[in-house]
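> So that we are looking at the same thing, I have put the structure below in structure tokens.
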Amino acid sequence: MNKNLKKSIEDDPCQRAWIEVSPSAIEGNTRAIGRLLTKGTSLMAVVKADGYGHGATTVARAALRGGARELGVATLKEGIELRKAGLEAPILLLGNLYDSDELEACLKWNLTVTLSSIKEAILCENLASGKGRNFQVQLKLDTGMARLGCDLEDTKDFVERIEQFRYVQLKGIYSHLALADAYPLAKATLITELQKNQFDSVMQTLSLPQDKLCLHLANSAGTLRSRSLHYDMVRVGLALYGYSPIDIDGNSLDLRPSLAVKARVTFLRDVPAGVGVSYGHTFVTSRPSRLAVVGIGYADGISRSLSGKIFGLFSGQLVPQVGSITMDQLVLDVTDHPDIEVGSVITMLGKDGEIFISPQQWSHLSGSIPWEVLCGFKHRLPRVVI
Ligand SMILES: *Cc1c(COP(=O)(O)O)cnc(C)c1O
């Protein structure tokens, strides 16, 4: 009996701090985004960085249930992890592979690779011919990001050479938007249109039966911005998780945040006025106060730059965080919240009652972006699927 009790606390993911993930929210968001698309456009769920911190396989399954047709990852390992979990949908590696062992692994695990140069295409052809198997690839174009992608003027040559290959199969051509989520809107619109025009003009120079190729350009922001950016597929990350990267009219889309970060109060102390709290004493009590120590810190993914700027949520009320956030713990001023006890669960990010604390709020305070907040949650926080 005692032994069982001990085991359960050891295994309890909600013992100190954890992340709750709602697959039904992700499924619903996928459907909501799907409703924006015309019939010929499919949805790729971008599940890189462990599904933006939510757990890649959980997200992938939920998104596929919600109508996503393909999955996008950044790295070889991420792709293999999904295959090992039994996912059979097409998977595109968005990063660049240059090593023939890595490319061979893609062939083995049936992962589609992104190519930016003919050099890698030749490697793929040689590997595939050695195995007598087809190798699916997509070509990336640089239309104005100066990251991955082949130069526009090399595209025609690339495609014509690939057409000569026996084993390499060109499945799609895509590019990536640099400013679709940016403000001011005028500049963002201008650059996005410029990228679209570049993409269109290159496509016109190709003498391929383009209905055989999957063309795609839009991330979440591009998807929400305009149908003219949708082409044959959209690659959606952030919106899938419930956050819009742009202000869309009246949030008509009805996205639901799919993650909450929670932690327990591990200690309470009462202190007089004039007491310095945490490293550096950046906060000094101005009245007799009750302080709650919460078992979560920057080693879990709550940036130290948020110190003294954020709130926890308890019973639908905001509770101020005070002093420096430390590696494993932070302090709340709970003087006005006498019902908070040791063991109480504090919502650090997410919804409690009517109040919602979003990754956008955090990123605004820390000079970051919501993408970084989400994938900043470390694996010390167990992911609990609800
Ligand atoms: C990460 C990524 C996306 C998804 O971006 P969101 O803004 O999160 O929708 C789409 N395409 C590529 C190439 C990416 O790397």
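FYI, nothing fancy with the structure tokens labels: chains A, B, ... in order, residues from 1 per chain, ligands from 1 as they appear.
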Can I get the residues of stretch 210-328 of chain A within 10 Å of stretch 366-369 of chain A, each with the closest pair of atoms and their distance in Å to one decimal, using only C-alpha atoms, sorted chain first then ascending number, as a tab-separated table?

residue	atom	partner	partner_atom	distance
A:Pro245	CA	A:Ile369	CA	9.5
A:Ser303	CA	A:Ser366	CA	7.6
A:Arg304	CA	A:Ser366	CA	8.7
A:Ser305	CA	A:Ser366	CA	5.6
A:Leu306	CA	A:Ser366	CA	5.7
A:Ser307	CA	A:Ser366	CA	9.2
A:Lys309	CA	A:Ser366	CA	8.9
> Pull the alpha helix (DSSP H) assignments for stretch 160-223 of chain A out of DSSP run on the backbone, and list those residues as a ChimeraX atom specification.
/A:160-164,185-205,220-223
> Just list the residues in stretch 102-339 of chain A DSSP gives strand (DSSP E) on the backbone, as an MDAnalysis selection string.
chainID A and resid 112:115 135:140 168:174 214:216 233:236 259:271 276:277 283:284 289:294 311:314 317:322 330:333
> What's the 8 Å shell around A:Ala45, counting only C-alpha atoms, without same-chain residues fewer than 6 positions away, as an NGL selection string?
:A and (60 or 63-64 or 68-72 or 235-237 or 240)
> Would you export the selected residues with N, CA and C atoms as a PDB file, in the first residue's frame, please?

ATOM      1  N   ALA A  60       0.542  15.920 -34.092  1.00  0.00           N
ATOM      2  CA  ALA A  60       0.397  15.371 -35.445  1.00  0.00           C
ATOM      3  C   ALA A  60      -0.897  14.559 -35.550  1.00  0.00           C
ATOM      4  N   ALA A  63      -3.927  16.916 -35.479  1.00  0.00           N
ATOM      5  CA  ALA A  63      -4.063  17.705 -36.711  1.00  0.00           C
ATOM      6  C   ALA A  63      -4.550  16.828 -37.862  1.00  0.00           C
ATOM      7  N   LEU A  64      -4.060  15.600 -37.927  1.00  0.00           N
ATOM      8  CA  LEU A  64      -4.506  14.702 -38.997  1.00  0.00           C
ATOM      9  C   LEU A  64      -5.992  14.371 -38.819  1.00  0.00           C
ATOM     10  N   ALA A  68      -5.657  17.753 -41.531  1.00  0.00           N
ATOM     11  CA  ALA A  68      -4.339  18.010 -42.136  1.00  0.00           C
ATOM     12  C   ALA A  68      -3.952  16.795 -42.983  1.00  0.00           C
ATOM     13  N   ARG A  69      -3.262  17.054 -44.099  1.00  0.00           N
ATOM     14  CA  ARG A  69      -2.881  15.936 -44.981  1.00  0.00           C
ATOM     15  C   ARG A  69      -1.411  15.591 -44.857  1.00  0.00           C
ATOM     16  N   GLU A  70      -0.606  16.597 -44.490  1.00  0.00           N
ATOM     17  CA  GLU A  70       0.835  16.364 -44.448  1.00  0.00           C
ATOM     18  C   GLU A  70       1.391  16.922 -43.146  1.00  0.00           C
ATOM     19  N   LEU A  71       2.639  16.530 -42.849  1.00  0.00           N
ATOM     20  CA  LEU A  71       3.306  17.014 -41.647  1.00  0.00           C
ATOM     21  C   LEU A  71       4.626  17.666 -42.049  1.00  0.00           C
ATOM     22  N   GLY A  72       4.987  18.716 -41.348  1.00  0.00           N
ATOM     23  CA  GLY A  72       6.259  19.380 -41.600  1.00  0.00           C
ATOM     24  C   GLY A  72       7.116  19.363 -40.349  1.00  0.00           C
ATOM     25  N   ARG A 235       1.281  25.777 -45.068  1.00  0.00           N
ATOM     26  CA  ARG A 235       2.088  25.148 -43.995  1.00  0.00           C
ATOM     27  C   ARG A 235       1.812  25.909 -42.702  1.00  0.00           C
ATOM     28  N   VAL A 236       1.008  25.294 -41.844  1.00  0.00           N
ATOM     29  CA  VAL A 236       0.509  26.037 -40.692  1.00  0.00           C
ATOM     30  C   VAL A 236       1.136  25.536 -39.394  1.00  0.00           C
ATOM     31  N   GLY A 237       1.755  26.449 -38.669  1.00  0.00           N
ATOM     32  CA  GLY A 237       2.302  26.156 -37.347  1.00  0.00           C
ATOM     33  C   GLY A 237       1.488  26.891 -36.297  1.00  0.00           C
ATOM     34  N   LEU A 240      -2.257  26.627 -35.708  1.00  0.00           N
ATOM     35  CA  LEU A 240      -2.689  25.293 -35.307  1.00  0.00           C
ATOM     36  C   LEU A 240      -2.775  25.172 -33.780  1.00  0.00           C
TER      37      LEU A 240
END
> Skip A:Val21 itself and residues of its chain fewer than 6 positions away, then list as a VMD selection string all residues within 9 Å of it, counting only C-alpha atoms.
chain A and resid 54 to 55 58 to 59 258 to 260 383 to 386
> With a distance cut-off of 7 Å and only C-alpha atoms, select the neighbouring residues of stretch 131-135 of chain A, excluding the residue or stretch itself and same-chain residues fewer than 4 positions from it, and output the selection as number ranges by chain.
A: 107, 124, 127, 167-169
> How would you write, as a PyMOL selection string, the set of residues no farther than 7 Å from ligand 1 when counting only C-alpha atoms and all ligand atoms?
chain A and resi 46+48+74+94+176+218-221+235-239+371
> Export, as a short mmCIF file (atom, residue, chain, number, x, y, z; two decimals), in the first residue's frame, the selected residues with N, CA and C atoms.

data_model
loop_
_atom_site.label_atom_id
_atom_site.label_comp_id
_atom_site.auth_asym_id
_atom_site.auth_seq_id
_atom_site.Cartn_x
_atom_site.Cartn_y
_atom_site.Cartn_z
N VAL A 46 2.57 21.93 -39.26
CA VAL A 46 3.99 22.06 -38.95
C VAL A 46 4.19 21.71 -37.47
N LYS A 48 7.32 20.88 -36.05
CA LYS A 48 8.74 20.92 -35.68
C LYS A 48 8.90 21.35 -34.22
N ALA A 74 11.46 19.99 -38.86
CA ALA A 74 12.70 20.69 -39.21
C ALA A 74 13.85 19.72 -39.41
N LEU A 94 11.77 20.42 -43.44
CA LEU A 94 11.88 21.82 -43.87
C LEU A 94 13.32 22.32 -43.81
N HIS A 176 9.21 30.60 -48.80
CA HIS A 176 8.81 30.96 -47.43
C HIS A 176 8.72 32.48 -47.31
N ALA A 218 2.56 29.72 -48.11
CA ALA A 218 2.08 30.40 -46.90
C ALA A 218 2.38 29.67 -45.60
N ASN A 219 2.84 30.41 -44.61
CA ASN A 219 2.85 29.98 -43.21
C ASN A 219 1.51 30.39 -42.60
N SER A 220 1.39 30.36 -41.26
CA SER A 220 0.11 30.75 -40.64
C SER A 220 -0.31 32.14 -41.07
N ALA A 221 0.61 33.09 -40.99
CA ALA A 221 0.26 34.48 -41.29
C ALA A 221 -0.20 34.61 -42.74
N ARG A 235 1.28 25.78 -45.07
CA ARG A 235 2.09 25.15 -44.00
C ARG A 235 1.81 25.91 -42.70
N VAL A 236 1.01 25.29 -41.84
CA VAL A 236 0.51 26.04 -40.69
C VAL A 236 1.14 25.54 -39.39
N GLY A 237 1.75 26.45 -38.67
CA GLY A 237 2.30 26.16 -37.35
C GLY A 237 1.49 26.89 -36.30
N LEU A 238 1.89 28.10 -35.99
CA LEU A 238 1.34 28.84 -34.85
C LEU A 238 -0.19 28.79 -34.74
N ALA A 239 -0.89 28.97 -35.85
CA ALA A 239 -2.35 29.03 -35.80
C ALA A 239 -2.94 27.69 -35.35
N TRP A 371 6.27 32.28 -30.87
CA TRP A 371 6.90 31.02 -31.31
C TRP A 371 8.01 30.61 -30.33
#
> Could you pull the residues within 12 Å of A:Gly149, counting only C-alpha atoms, minus those fewer than 4 positions along the same chain, as a list in words?
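Everything that qualifies: Leu94, Gly95, Asn96, Thr114, Leu115, Ser116, Ser117, Ile118, Gln138, Leu139, Lys140, Leu141, Asp142, Thr143, Gly144, Met145, Glu153, Asp154, Thr155, Phe158, Ile173, Tyr174, Ser175, His176, Leu177 and Phe199 of chain A.
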> Using only C-alpha atoms, which protein or nucleic acid residues come within 9 Å of stretch 335-339 of chain A? Drop anything in the same chain fewer than 3 positions from it, and give the result as an MDAnalysis selection string.
chainID A and resid 270 288:291 314 317 319 332 344
> Would you work out the distance separating atom CA of A:Gly67 from atom CA of A:Arg31, expressed in Å to one decimal?
6.4 Å
> Taking into account only C-alpha atoms, which residue in the set A:Ser42, A:Ser8, A:Ser278, A:Gln198 is nearest to A:His216?
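Among A:Ser42, A:Ser8, A:Ser278, A:Gln198, it is A:Ser42 that comes nearest to A:His216.
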> Considering only C-alpha atoms, can you say which of A:Leu111, A:Ile162, A:Val331, A:Leu318 comes closest to A:Leu268?
A:Val331
> Quick one: distance from atom CA of A:Ile357 to atom CA of A:Ile302 in Å, one decimal?
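That distance, rounded to one decimal, is 13.1 Å.
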> Counting only C-alpha atoms, give me one row per residue of stretch 24-131 of chain A with an atom at most 7 Å from an atom of stretch 373-377 of chain A, showing the shortest contact pair and its distance in Å to one decimal, sorted by chain then residue number, as a tab-separated table.

residue	atom	partner	partner_atom	distance
A:Ala49	CA	A:Cys375	CA	6.4
A:Tyr52	CA	A:Cys375	CA	4.8
A:Gly53	CA	A:Cys375	CA	4.6
> At what distance in Å, to one decimal, does atom CA of A:Arg264 lie from atom CA of A:Gln15?
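Here the two named atoms are 7.6 Å from each other.
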